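Reviewing the structure listed below.
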Amino acid sequence: MPNLKDLKNRIASVKSTRKITKAMQMVAAAKLRRAQDAAEAARPYAERFNGVMASLAASVGDSASAPRLLAGTGKDDVHLLVVMTAERGLCGGFNSNIVKLARARIAKLKGEGKTVKILTVGKKGREQLKRDNGDLFVGHVDLSEVKRLGYNNAQDIARDVLGRFDAGEFDVATIFFAKFNSVISQDPTALQIVPAAYESTGSEEEGASTLYDYEPDEEAILADLLPRGVATQIFAALLENAASEQGARMSAMDNATRNAGDMIDKLTIEYNRSRQAVITNELIEIISGAEAL
């Protein structure tokens with residue numbers, strides 16, 4: 001049985017830990033509000049943009065003059081996986097869930113005889129993937145110094161991906177991130193960005209009743225908008241990830257704070273029992289000594 005001093009030190013240590021987890025929970029809650037607002041504000045633009053791109057892509061169809069970003073290379077032998085995770089830990093299973101989805105895709109592609117390349121965004125995902133797939137890394141984007149995500153961060157990543165595509169380094173690119181639903185729910189998501197795969201979000205009635213005339217032609221507009229579309233999808237994924245990270249951290253720190261409180265209660269009971277046992281033993285020794293005299 002631990003002595004009283006050890007129990008007292010342990011109780012003090014757990015109380016200090018509880019203060020830290022409580023503070024981290026409050027910080028995450030404050031950051032979550034801003035990140036959630038940013039992610040939700042970006043969704044309507046991204047959905048509308050995707051709807052317009054889907055309409056343009058449908059009008060172009062399988063035309064021989066379709067931009068390469070839309071038509072692809074005509075094969076899918078080499079896949080680039082852009083795994084987007086957090087720069088910091090202590091956020092529950094947020095990073096692990098994204099990495100788990102990426103690992104499943106890697107195993108599937110390797111089983112089909114495909115070549116896999118990995119571009120990581122965020123330190124935590126890179127650390128986990130490095131154990132088994134370090135030889136597949138082709139690049140890394142460090143956002144640890146970025147205090148607030150902006151569209152320019154997404155443009156930098158998009159330029160890197162598109163530069164590799166123009167150089168013929170891959171045929172298909174997919175981003176992995178977590179879509180924010182609530183504080184306790186974040187869905188790991190895989191989204192193909194090259195070649196572009198847009199799905200219309202409008203209703204069938206809207207699509208049937210609306211006709212567009214484009215100037216210049218659809219191919220020229222697509223050639224200009226497709227790179228922006230890749231950056232827009234990456235930016236939306238970064239915002240969803242930021243909100244998901246703070247939600248997961250807030251939930252994890254809340255659970256840690258509760259667990260620390262439960263542990264303090266148990267240790268306090270054990271301390272009181274040990275103290276009572278020590279006092280009882282001392283009384284027995286005093287009484288025994290008095291009787292001996």
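Note on naming: chains are A, B, ... as they come in the structure tokens, residues start from 1 per chain, ligands start from 1 in the order shown.
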
Neighbouring residues of stretch 182-192 of chain A were defined as those with any atom within 8 Å, considering only C-alpha atoms; residues of the same chain fewer than 3 positions away were excluded. Please report them as a ChimeraX atom specification. /A:94,97-98,101,172-179,195-197,244,247-248,250-251

Could you write out the selected residues, including C-alpha atoms, as an mmCIF file, in the first residue's frame?
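Final file, selection31.cif:
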data_model
loop_
_atom_site.group_PDB
_atom_site.id
_atom_site.type_symbol
_atom_site.label_atom_id
_atom_site.label_comp_id
_atom_site.auth_asym_id
_atom_site.auth_seq_id
_atom_site.Cartn_x
_atom_site.Cartn_y
_atom_site.Cartn_z
ATOM 1 C CA PHE A 94 -9.128 12.826 -34.896
ATOM 2 C CA ASN A 97 -9.237 8.146 -37.899
ATOM 3 C CA ILE A 98 -7.968 10.063 -40.933
ATOM 4 C CA LEU A 101 -8.860 5.733 -43.769
ATOM 5 C CA VAL A 172 -5.288 10.492 -59.674
ATOM 6 C CA ALA A 173 -5.162 12.692 -56.563
ATOM 7 C CA THR A 174 -7.337 12.230 -53.463
ATOM 8 C CA ILE A 175 -7.469 14.339 -50.310
ATOM 9 C CA PHE A 176 -8.189 12.862 -46.882
ATOM 10 C CA PHE A 177 -9.711 15.022 -44.137
ATOM 11 C CA ALA A 178 -12.411 14.995 -41.454
ATOM 12 C CA LYS A 179 -15.784 16.597 -42.178
ATOM 13 C CA PRO A 195 -9.207 14.442 -62.297
ATOM 14 C CA ALA A 196 -12.026 16.688 -61.125
ATOM 15 C CA ALA A 197 -15.203 14.819 -60.178
ATOM 16 C CA SER A 244 -13.073 18.925 -36.504
ATOM 17 C CA GLY A 247 -14.234 19.773 -31.650
ATOM 18 C CA ALA A 248 -12.317 16.545 -31.057
ATOM 19 C CA MET A 250 -12.685 19.900 -26.742
ATOM 20 C CA SER A 251 -14.390 16.528 -26.323
#

Pick out each residue of stretch 38-284 of chain A that DSSP on the backbone tags as strand (DSSP E); I need them as a PyMOL selection string. chain A and resi 78-84+115-121+137-141+172-182+185-194

Got a sec to tell me which of stretch 147-269 of chain A DSSP assigns to helix (DSSP H, G or I), as a ChimeraX atom specification? /A:151-166,204-209,218-269

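Within 10 Å of stretch 142-148 of chain A, once only C-alpha atoms are used and residues closer than 6 positions along the same chain are dropped, the contacting residues are Arg34, Ala35, Ala86, Glu87, Arg88, Thr120, Val121, Gly122, Lys123, Leu239 and Ala242 of chain A.
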
May I have the residues from that selection written out with C-alpha atoms, as a PDB file, in the first residue's frame?
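What follows is the written file part-v8.pdb:
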ATOM      1  CA  ARG A  34     -14.423  30.561 -34.976  1.00  0.00           C
ATOM      2  CA  ALA A  35     -13.414  27.431 -36.862  1.00  0.00           C
ATOM      3  CA  ALA A  86      -3.387  18.318 -37.355  1.00  0.00           C
ATOM      4  CA  GLU A  87      -0.047  19.769 -36.316  1.00  0.00           C
ATOM      5  CA  ARG A  88      -0.764  18.935 -32.661  1.00  0.00           C
ATOM      6  CA  THR A 120       1.153  14.983 -45.970  1.00  0.00           C
ATOM      7  CA  VAL A 121      -0.346  18.162 -44.540  1.00  0.00           C
ATOM      8  CA  GLY A 122       0.138  18.250 -40.781  1.00  0.00           C
ATOM      9  CA  LYS A 123       2.811  16.673 -38.595  1.00  0.00           C
ATOM     10  CA  LEU A 239     -11.564  24.507 -42.762  1.00  0.00           C
ATOM     11  CA  ALA A 242      -9.739  22.838 -38.359  1.00  0.00           C
TER      12      ALA A 242
END

Non-local contacts of A:Phe170 (12 Å; only C-alpha atoms; under 3 positions in same chain excluded) as a ChimeraX atom specification: /A:69,72-81,114-119,138,161-167,173-174,194-195
